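> Just so it is clear, I am handing over structure-v5.cif, which has mmCIF, C-alpha atoms and all ligand atoms.
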```cif
data_input
loop_
_atom_site.label_atom_id
_atom_site.label_comp_id
_atom_site.auth_asym_id
_atom_site.auth_seq_id
_atom_site.Cartn_x
_atom_site.Cartn_y
_atom_site.Cartn_z
CA MET C 1 -33.82 -14.47 3.51
CA GLY C 2 -33.53 -11.74 6.17
CA ALA C 3 -33.27 -8.02 5.40
CA LEU C 4 -30.23 -6.93 3.40
CA ARG C 5 -27.94 -4.65 5.37
CA LEU C 6 -25.03 -3.32 3.34
CA ILE C 7 -22.19 -0.86 3.80
CA PHE C 8 -20.78 0.93 0.76
CA LEU C 9 -17.16 2.02 1.26
CA GLY C 10 -15.00 3.95 -1.18
CA PRO C 11 -13.26 7.23 -1.89
CA PRO C 12 -15.20 10.31 -3.03
CA GLY C 13 -16.23 9.91 -6.67
CA SER C 14 -15.95 6.11 -6.61
CA GLY C 15 -19.60 5.80 -7.60
CA LYS C 16 -20.78 4.45 -4.27
CA GLY C 17 -23.51 7.11 -3.94
CA THR C 18 -24.79 6.49 -7.47
CA GLN C 19 -24.75 2.74 -6.86
CA ALA C 20 -26.48 3.17 -3.50
CA GLN C 21 -29.29 5.15 -5.20
CA ARG C 22 -29.69 2.54 -7.94
CA LEU C 23 -29.37 -0.54 -5.75
CA ALA C 24 -31.70 0.78 -3.04
CA VAL C 25 -34.45 0.79 -5.69
CA ARG C 26 -33.36 -2.49 -7.22
CA LEU C 27 -33.10 -4.32 -3.89
CA ASP C 28 -36.03 -2.52 -2.22
CA VAL C 29 -33.98 -1.23 0.72
CA VAL C 30 -33.41 2.27 2.12
CA GLN C 31 -30.31 4.31 1.21
CA LEU C 32 -28.92 6.06 4.28
CA SER C 33 -26.33 8.54 2.98
CA SER C 34 -24.42 10.31 5.75
CA GLY C 35 -23.44 13.16 3.40
CA ASP C 36 -27.08 13.68 2.35
CA VAL C 37 -28.24 13.59 5.98
CA LEU C 38 -25.66 16.24 6.93
CA ARG C 39 -26.51 18.42 3.91
CA ARG C 40 -30.20 18.27 4.93
CA GLU C 41 -29.35 19.20 8.53
CA ARG C 42 -27.39 22.17 7.18
CA ALA C 43 -30.17 23.27 4.86
CA GLU C 44 -32.59 23.18 7.80
CA GLY C 45 -30.14 25.09 10.02
CA THR C 46 -30.22 22.52 12.85
CA PRO C 47 -27.52 22.51 15.59
CA ILE C 48 -26.00 19.37 14.01
CA GLY C 49 -25.99 21.05 10.59
CA LYS C 50 -24.30 24.15 12.00
CA LYS C 51 -21.68 22.05 13.74
CA ALA C 52 -20.99 19.99 10.59
CA ALA C 53 -20.69 22.93 8.18
CA GLN C 54 -17.08 23.92 8.86
CA TYR C 55 -15.81 20.33 8.50
CA MET C 56 -17.78 19.68 5.33
CA ASP C 57 -16.57 22.85 3.62
CA ALA C 58 -12.97 21.99 4.50
CA GLY C 59 -13.30 18.39 3.25
CA THR C 60 -12.54 16.95 6.70
CA LEU C 61 -14.71 14.64 8.80
CA VAL C 62 -17.33 15.77 11.31
CA PRO C 63 -16.73 14.36 14.82
CA ASP C 64 -17.41 10.64 15.22
CA ASP C 65 -20.01 10.99 17.99
CA VAL C 66 -22.06 13.47 15.95
CA ILE C 67 -22.34 11.34 12.82
CA THR C 68 -22.71 8.05 14.71
CA GLY C 69 -25.67 9.41 16.67
CA VAL C 70 -27.34 10.71 13.52
CA MET C 71 -26.91 7.45 11.59
CA LEU C 72 -28.05 5.14 14.39
CA ALA C 73 -31.10 7.38 14.80
CA GLY C 74 -31.70 6.95 11.04
CA ILE C 75 -31.57 3.16 11.42
CA ASP C 76 -33.98 3.34 14.37
CA LYS C 77 -36.50 5.25 12.26
CA LEU C 78 -36.77 2.40 9.73
CA PRO C 79 -39.72 0.02 9.98
CA ALA C 80 -38.78 -3.30 11.62
CA GLY C 81 -37.21 -5.73 9.17
CA ARG C 82 -36.43 -3.04 6.56
CA GLY C 83 -33.05 -3.44 4.86
CA PHE C 84 -30.62 -0.58 4.24
CA ILE C 85 -27.48 0.58 2.47
CA LEU C 86 -25.15 2.73 4.55
CA ASP C 87 -23.51 5.12 2.08
CA GLY C 88 -20.60 7.17 3.46
CA PHE C 89 -20.84 5.77 6.98
CA PRO C 90 -18.82 4.50 8.78
CA ARG C 91 -15.78 6.52 7.73
CA THR C 92 -13.38 5.92 10.64
CA VAL C 93 -12.49 2.89 12.78
CA PRO C 94 -14.20 4.40 15.89
CA GLN C 95 -17.37 4.90 13.80
CA ALA C 96 -17.19 1.28 12.60
CA GLU C 97 -16.74 0.06 16.17
CA ALA C 98 -19.71 2.16 17.34
CA LEU C 99 -21.78 0.80 14.45
CA THR C 100 -20.82 -2.80 15.23
CA ALA C 101 -21.89 -2.26 18.86
CA GLY C 102 -25.07 -0.42 17.85
CA LEU C 103 -26.13 -3.16 15.42
CA ALA C 104 -25.36 -5.87 17.99
CA GLU C 105 -27.57 -4.08 20.56
CA ARG C 106 -30.38 -4.03 18.02
CA ARG C 107 -29.71 -7.66 17.01
CA LEU C 108 -29.12 -6.65 13.39
CA GLY C 109 -26.44 -8.38 11.30
CA LEU C 110 -24.62 -7.02 8.26
CA THR C 111 -24.96 -8.84 4.93
CA ALA C 112 -21.85 -7.45 3.20
CA VAL C 113 -19.47 -4.51 2.91
CA ILE C 114 -18.70 -3.39 -0.65
CA ASP C 115 -15.42 -1.58 -1.28
CA PHE C 116 -15.63 0.51 -4.49
CA LYS C 117 -12.06 0.78 -5.83
CA LEU C 118 -10.88 3.61 -8.07
CA ASP C 119 -7.49 5.25 -8.67
CA ASP C 120 -6.77 8.90 -7.84
CA ASP C 121 -6.61 10.30 -11.42
CA GLU C 122 -10.01 8.86 -12.24
CA ILE C 123 -11.43 10.11 -8.91
CA ILE C 124 -10.38 13.67 -9.72
CA ARG C 125 -11.74 13.43 -13.26
CA ARG C 126 -15.08 12.12 -12.02
CA VAL C 127 -15.52 14.46 -9.09
CA SER C 128 -14.74 17.58 -11.12
CA GLY C 129 -17.51 16.62 -13.59
CA ARG C 130 -20.09 15.73 -10.93
CA ARG C 131 -23.32 17.74 -10.87
CA VAL C 132 -26.13 17.29 -8.35
CA CYS C 133 -29.82 18.21 -8.64
CA VAL C 134 -30.88 20.84 -6.08
CA GLY C 135 -34.37 19.33 -6.07
CA CYS C 136 -34.18 15.52 -5.93
CA GLY C 137 -30.47 14.92 -5.33
CA ALA C 138 -29.94 12.87 -8.51
CA THR C 139 -26.31 12.90 -9.64
CA TYR C 140 -24.92 13.39 -13.14
CA ASN C 141 -21.50 13.73 -14.73
CA THR C 142 -20.69 16.23 -17.45
CA SER C 143 -18.38 13.77 -19.23
CA PHE C 144 -20.00 10.35 -18.89
CA LEU C 145 -23.51 10.72 -17.45
CA PRO C 146 -24.78 14.05 -18.81
CA PRO C 147 -28.38 15.18 -18.36
CA LYS C 148 -30.49 15.42 -21.55
CA VAL C 149 -30.49 19.23 -21.26
CA ALA C 150 -27.35 20.90 -19.84
CA ASP C 151 -27.67 21.82 -16.14
CA VAL C 152 -31.28 20.57 -15.87
CA CYS C 153 -32.36 17.41 -13.99
CA ASP C 154 -33.93 14.71 -16.19
CA ASN C 155 -36.10 13.53 -13.27
CA CYS C 156 -37.57 16.71 -11.83
CA GLY C 157 -36.51 19.61 -14.08
CA GLN C 158 -34.67 21.53 -11.34
CA SER C 159 -31.14 22.96 -11.68
CA LEU C 160 -27.93 21.00 -11.40
CA ILE C 161 -25.07 22.46 -9.37
CA GLN C 162 -21.48 21.58 -8.49
CA ARG C 163 -21.07 20.89 -4.76
CA LYS C 164 -18.68 23.34 -3.12
CA ASP C 165 -16.63 20.45 -1.74
CA ASP C 166 -16.22 18.97 -5.25
CA ARG C 167 -13.84 21.80 -6.19
CA GLN C 168 -10.36 20.47 -6.85
CA ASP C 169 -8.61 21.88 -3.75
CA VAL C 170 -11.24 20.41 -1.41
CA VAL C 171 -11.24 17.10 -3.29
CA MET C 172 -7.51 16.71 -2.60
CA THR C 173 -8.22 17.14 1.14
CA ARG C 174 -11.14 14.70 0.98
CA LEU C 175 -8.91 12.14 -0.73
CA ALA C 176 -6.18 12.53 1.88
CA THR C 177 -8.82 12.21 4.62
CA TYR C 178 -10.11 9.04 2.95
CA ARG C 179 -6.64 7.48 2.75
CA ALA C 180 -5.76 8.32 6.36
CA GLN C 181 -9.04 7.69 8.15
CA THR C 182 -11.40 5.58 6.02
CA ALA C 183 -9.09 3.18 4.15
CA PRO C 184 -8.26 1.34 7.44
CA LEU C 185 -11.90 0.16 7.45
CA ILE C 186 -11.06 -2.14 4.55
CA GLU C 187 -8.86 -4.14 6.90
CA TYR C 188 -11.44 -3.87 9.73
CA TYR C 189 -14.22 -5.45 7.63
CA ALA C 190 -11.89 -7.91 5.88
CA ARG C 191 -11.11 -9.35 9.31
CA GLY C 192 -14.84 -9.86 9.86
CA GLY C 193 -15.10 -11.74 6.53
CA LEU C 194 -17.68 -9.27 5.17
CA LEU C 195 -15.59 -7.39 2.62
CA HIS C 196 -16.01 -7.57 -1.17
CA ALA C 197 -13.97 -5.37 -3.53
CA VAL C 198 -15.50 -4.05 -6.75
CA ASP C 199 -13.60 -2.40 -9.60
CA SER C 200 -15.38 0.94 -9.99
CA ALA C 201 -13.51 1.99 -13.12
CA ARG C 202 -16.07 0.14 -15.25
CA GLY C 203 -19.42 1.58 -16.33
CA ALA C 204 -22.24 1.97 -13.80
CA ASP C 205 -24.25 -0.96 -15.26
CA ALA C 206 -21.31 -3.37 -14.96
CA VAL C 207 -20.60 -2.24 -11.39
CA GLU C 208 -24.26 -2.60 -10.44
CA ALA C 209 -24.39 -6.14 -11.89
CA GLU C 210 -21.28 -7.09 -9.91
CA VAL C 211 -22.74 -5.78 -6.64
CA LEU C 212 -26.01 -7.64 -7.29
CA ARG C 213 -24.03 -10.84 -7.83
CA ILE C 214 -22.11 -10.35 -4.56
CA VAL C 215 -25.23 -9.48 -2.59
CA GLY C 216 -27.10 -12.45 -4.04
CA ALA C 217 -24.33 -14.82 -2.99
CA ALA C 218 -23.84 -13.20 0.45
CA GLY C 219 -27.56 -13.04 1.20
CA ARG C 220 -28.29 -16.67 0.32
CA PRO C 221 -29.44 -18.64 3.37
CA GLY C 222 -27.20 -21.31 4.81
P1 LIG B 1 -20.10 12.82 1.16
O1 LIG B 1 -21.28 13.38 0.46
O2 LIG B 1 -20.32 11.41 1.63
O3 LIG B 1 -18.81 12.98 0.41
O4 LIG B 1 -19.94 13.68 2.52
C1 LIG B 1 -19.73 15.08 2.49
C2 LIG B 1 -19.06 15.52 3.78
O5 LIG B 1 -19.90 15.21 4.90
C3 LIG B 1 -17.74 14.86 4.08
O6 LIG B 1 -16.64 15.46 3.41
C4 LIG B 1 -17.65 15.04 5.60
O7 LIG B 1 -17.31 16.37 5.95
C5 LIG B 1 -19.10 14.83 6.02
N1 LIG B 1 -19.37 13.38 6.31
C6 LIG B 1 -20.16 12.54 5.59
N2 LIG B 1 -20.16 11.31 6.15
C7 LIG B 1 -19.35 11.39 7.22
C8 LIG B 1 -18.92 10.44 8.20
N3 LIG B 1 -19.32 9.16 8.18
N4 LIG B 1 -18.06 10.88 9.16
C9 LIG B 1 -17.66 12.15 9.23
N5 LIG B 1 -17.99 13.09 8.32
C10 LIG B 1 -18.84 12.71 7.33
#
```
Could you express the structure from this file as structure tokens?


Amino acid sequence: MGALRLIFLGPPGSGKGTQAQRLAVRLDVVQLSSGDVLRRERAEGTPIGKKAAQYMDAGTLVPDDVITGVMLAGIDKLPAGRGFILDGFPRTVPQAEALTAGLAERRLGLTAVIDFKLDDDEIIRRVSGRRVCVGCGATYNTSFLPPKVADVCDNCGQSLIQRKDDRQDVVMTRLATYRAQTAPLIEYYARGGLLHAVDSARGADAVEAEVLRIVGAAGRPG
């Protein structure tokens, strides 16, 4: 079987980032999270980070050419034959088209696109409880995935914080952005026969098992 190359699609709070972290380990592939890449660029004060900051704080999307360049560069840094999960990219039809062209140039095929489905009330409930470790990036949720000690990471002992863009006003903008600009990708990848929907309202273990089943079936030779 060739390398697994997956795209995780879904609204903010749908669990795609958590699943990407878990499944990258489980499937021995690399998680390439566009949000994490941009947050790192910001923390390092790079020109890309400075350019992205205003969009990220407002809950809108950074320009397509900026993020596409960063993510294709991330793919190019992987050792040959290494699989990956794209988490948070692509997020617009032009990004998806640029990715399709970029993968074709590199002779890399996609295994599957997973669409993590969740309704708006549950999204808001989940995102408002989300806490992220400042050290290792692990994610928790105050209501259904709490750390053992409040506000402290189980993995590395550093503090947990709420992302600025997880505040309710920004979440509403991020949701509207998702509906207008990212949801059309569902149709884009359905046309290519790569799309699989997963009900994200279930627990993380059930969602993970479902994705493993889909990936196993999609990745089977022949
Ligand atoms: P996330 O952590 O995936 O929710 O991303 C946080 C923020 O980074 C988003 O609200 C956008 O401002 C920006 N961002 C992440 N991925 C993309 C992308 N593929 N296209 C444009 N902006 C992005």

> May I ask which of the residues C:Gln168, C:Thr182, C:Thr177, C:Gln21 is the closest one to C:Leu9, counting all atoms listed in the file?

C:Thr182

> Compile the contact shell of stretch 40-50 of chain C as a list in words: residues with an atom at most 9 Å away, counting only C-alpha atoms, same-chain residues fewer than 5 positions apart removed.

Gly35, Val66, Ile67 and Val70 of chain C

> Could you save the residues just selected, with C-alpha atoms, as a PDB file, keeping the file's coordinate frame?


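again26.pdb, written as the output of this step:
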```pdb
ATOM      1  CA  GLY C  35     -23.440  13.160   3.400  1.00  0.00           C
ATOM      2  CA  VAL C  66     -22.060  13.470  15.950  1.00  0.00           C
ATOM      3  CA  ILE C  67     -22.340  11.340  12.820  1.00  0.00           C
ATOM      4  CA  VAL C  70     -27.340  10.710  13.520  1.00  0.00           C
TER       5      VAL C  70
END
```

> Write out as a PDB file with C-alpha atoms, keeping the file's coordinate frame the residues lying within 8 Å of stretch 144-154 of chain C, counting all atoms listed in the file and excluding same-chain residues fewer than 5 positions away.


```pdb
ATOM      1  CA  ARG C 131     -23.320  17.740 -10.870  1.00  0.00           C
ATOM      2  CA  CYS C 133     -29.820  18.210  -8.640  1.00  0.00           C
ATOM      3  CA  ALA C 138     -29.940  12.870  -8.510  1.00  0.00           C
ATOM      4  CA  SER C 159     -31.140  22.960 -11.680  1.00  0.00           C
ATOM      5  CA  LEU C 160     -27.930  21.000 -11.400  1.00  0.00           C
ATOM      6  CA  ILE C 161     -25.070  22.460  -9.370  1.00  0.00           C
TER       7      ILE C 161
END
```

> Write out as a list in words which residues come within 12 Å of C:Leu27 when counting all atoms listed in the file, dropping same-chain ones fewer than 4 positions away.

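Counting all atoms listed in the file, the residues come to Ala3, Leu4, Arg5, Leu6, Gln19, Ala20, Gln21, Arg22, Leu23, Gln31, Arg82, Gly83, Phe84, Ile85, Glu208, Ala209, Val211, Leu212, Arg213, Val215, Gly216 and Gly219 of chain C.
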
> Just the number, please: distance in Å from atom CA of C:Asn141 to atom CA of C:Gly74, one decimal.

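Atom-to-atom, atom CA of C:Asn141 and atom CA of C:Gly74 are spaced 28.5 Å apart.
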
> Please write out the residues within 8 Å of ligand LIG 1 (chain B) as an MDAnalysis selection string, counting only C-alpha atoms and all ligand atoms.

chainID C and resid 12 17 33:36 38:39 52:53 55:64 67:68 87:92 95 165 174

> For a test of reading the model, state the distance in Å between atom CA of C:Pro79 and atom CA of C:Cys136, rounded to one decimal.

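Atom-to-atom, atom CA of C:Pro79 and atom CA of C:Cys136 are spaced 22.9 Å apart.
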
> May I ask which of the residues C:Val132, C:Ala98, C:Ile114, C:Leu103 is the closest one to C:Val207, counting all atoms listed in the file?

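For C:Val207, the nearest of the candidates is C:Ile114.
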
> Go through C:Asp65, C:Val113, C:Arg107, C:Arg26 and flag the residue nearest C:Ala190, using all atoms listed in the file for the distances.

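Answer, going by the shortest atom-to-atom distance: C:Val113.
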
> Step by step, gather every atom of stretch 131-147 of chain C that the file lists, find the box along x, y and z that holds them, add 5 Å on each side, and finally give centre and edge lengths in Å to one decimal, as lines of an AutoDock Vina configuration file.


```
center_x = -26.4
center_y = 15.6
center_z = -12.3
size_x = 26.0
size_y = 20.5
size_z = 23.9
```

> Find, counting only C-alpha atoms, the residue in C:Ala217, C:Arg202, C:Gln54, C:Gly13 that gets nearest to C:Ser128.

C:Gly13

> May I ask for the distance between atom CA of C:Leu194 and atom CA of C:Glu122, given in Å to one decimal place?

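Answer for the atom CA of C:Leu194 to atom CA of C:Glu122 separation: 26.3 Å.
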
> Would you mind putting back N, CA and C atoms on stretch 183-217 of chain C, then writing it out as a short mmCIF file (atom, residue, chain, number, x, y, z; two decimals), in the frame of the given file?


```cif
data_model
loop_
_atom_site.label_atom_id
_atom_site.label_comp_id
_atom_site.auth_asym_id
_atom_site.auth_seq_id
_atom_site.Cartn_x
_atom_site.Cartn_y
_atom_site.Cartn_z
N ALA C 183 -9.67 4.38 4.74
CA ALA C 183 -9.09 3.18 4.15
C ALA C 183 -8.82 2.07 5.20
N PRO C 184 -8.45 2.42 6.46
CA PRO C 184 -8.26 1.34 7.44
C PRO C 184 -9.51 0.48 7.69
N LEU C 185 -10.68 0.97 7.28
CA LEU C 185 -11.90 0.16 7.45
C LEU C 185 -11.89 -1.07 6.56
N ILE C 186 -11.13 -0.99 5.46
CA ILE C 186 -11.06 -2.14 4.55
C ILE C 186 -10.52 -3.34 5.32
N GLU C 187 -9.46 -3.10 6.08
CA GLU C 187 -8.86 -4.14 6.90
C GLU C 187 -9.83 -4.59 8.01
N TYR C 188 -10.49 -3.59 8.62
CA TYR C 188 -11.44 -3.87 9.73
C TYR C 188 -12.52 -4.86 9.26
N TYR C 189 -13.12 -4.59 8.09
CA TYR C 189 -14.22 -5.45 7.63
C TYR C 189 -13.69 -6.72 6.96
N ALA C 190 -12.47 -6.69 6.43
CA ALA C 190 -11.89 -7.91 5.88
C ALA C 190 -11.71 -8.93 7.00
N ARG C 191 -11.29 -8.44 8.16
CA ARG C 191 -11.11 -9.35 9.31
C ARG C 191 -12.43 -10.02 9.69
N GLY C 192 -13.52 -9.30 9.53
CA GLY C 192 -14.84 -9.86 9.86
C GLY C 192 -15.40 -10.73 8.75
N GLY C 193 -14.65 -10.88 7.63
CA GLY C 193 -15.10 -11.74 6.53
C GLY C 193 -16.25 -11.17 5.72
N LEU C 194 -16.50 -9.86 5.84
CA LEU C 194 -17.68 -9.27 5.17
C LEU C 194 -17.32 -8.52 3.90
N LEU C 195 -16.01 -8.33 3.65
CA LEU C 195 -15.59 -7.39 2.62
C LEU C 195 -15.57 -7.99 1.22
N HIS C 196 -16.08 -7.21 0.25
CA HIS C 196 -16.01 -7.57 -1.17
C HIS C 196 -15.55 -6.35 -1.94
N ALA C 197 -14.47 -6.50 -2.74
CA ALA C 197 -13.97 -5.37 -3.53
C ALA C 197 -14.62 -5.39 -4.91
N VAL C 198 -14.93 -4.19 -5.41
CA VAL C 198 -15.50 -4.05 -6.75
C VAL C 198 -14.67 -3.03 -7.51
N ASP C 199 -14.37 -3.34 -8.78
CA ASP C 199 -13.60 -2.40 -9.60
C ASP C 199 -14.56 -1.35 -10.16
N SER C 200 -14.44 -0.12 -9.63
CA SER C 200 -15.38 0.94 -9.99
C SER C 200 -15.03 1.66 -11.28
N ALA C 201 -13.92 1.28 -11.90
CA ALA C 201 -13.51 1.99 -13.12
C ALA C 201 -14.41 1.62 -14.30
N ARG C 202 -15.17 0.54 -14.16
CA ARG C 202 -16.07 0.14 -15.25
C ARG C 202 -17.33 0.99 -15.26
N GLY C 203 -18.18 0.81 -16.25
CA GLY C 203 -19.42 1.58 -16.33
C GLY C 203 -20.36 1.24 -15.18
N ALA C 204 -21.32 2.14 -14.93
CA ALA C 204 -22.24 1.97 -13.80
C ALA C 204 -23.05 0.67 -13.90
N ASP C 205 -23.44 0.26 -15.12
CA ASP C 205 -24.25 -0.96 -15.26
C ASP C 205 -23.44 -2.19 -14.86
N ALA C 206 -22.15 -2.22 -15.28
CA ALA C 206 -21.31 -3.37 -14.96
C ALA C 206 -21.06 -3.44 -13.45
N VAL C 207 -20.85 -2.26 -12.84
CA VAL C 207 -20.60 -2.24 -11.39
C VAL C 207 -21.86 -2.70 -10.65
N GLU C 208 -23.00 -2.21 -11.10
CA GLU C 208 -24.26 -2.60 -10.44
C GLU C 208 -24.46 -4.13 -10.52
N ALA C 209 -24.20 -4.69 -11.71
CA ALA C 209 -24.39 -6.14 -11.89
C ALA C 209 -23.47 -6.91 -10.94
N GLU C 210 -22.25 -6.42 -10.79
CA GLU C 210 -21.28 -7.09 -9.91
C GLU C 210 -21.75 -7.04 -8.45
N VAL C 211 -22.26 -5.88 -8.03
CA VAL C 211 -22.74 -5.78 -6.64
C VAL C 211 -23.95 -6.70 -6.44
N LEU C 212 -24.83 -6.75 -7.42
CA LEU C 212 -26.01 -7.64 -7.29
C LEU C 212 -25.58 -9.10 -7.15
N ARG C 213 -24.53 -9.45 -7.90
CA ARG C 213 -24.03 -10.84 -7.83
C ARG C 213 -23.49 -11.12 -6.42
N ILE C 214 -22.70 -10.17 -5.90
CA ILE C 214 -22.11 -10.35 -4.56
C ILE C 214 -23.20 -10.44 -3.50
N VAL C 215 -24.16 -9.53 -3.59
CA VAL C 215 -25.23 -9.48 -2.59
C VAL C 215 -26.06 -10.75 -2.66
N GLY C 216 -26.33 -11.22 -3.88
CA GLY C 216 -27.10 -12.45 -4.04
C GLY C 216 -26.39 -13.63 -3.38
N ALA C 217 -25.08 -13.70 -3.57
CA ALA C 217 -24.33 -14.82 -2.99
C ALA C 217 -24.24 -14.66 -1.47
#
```
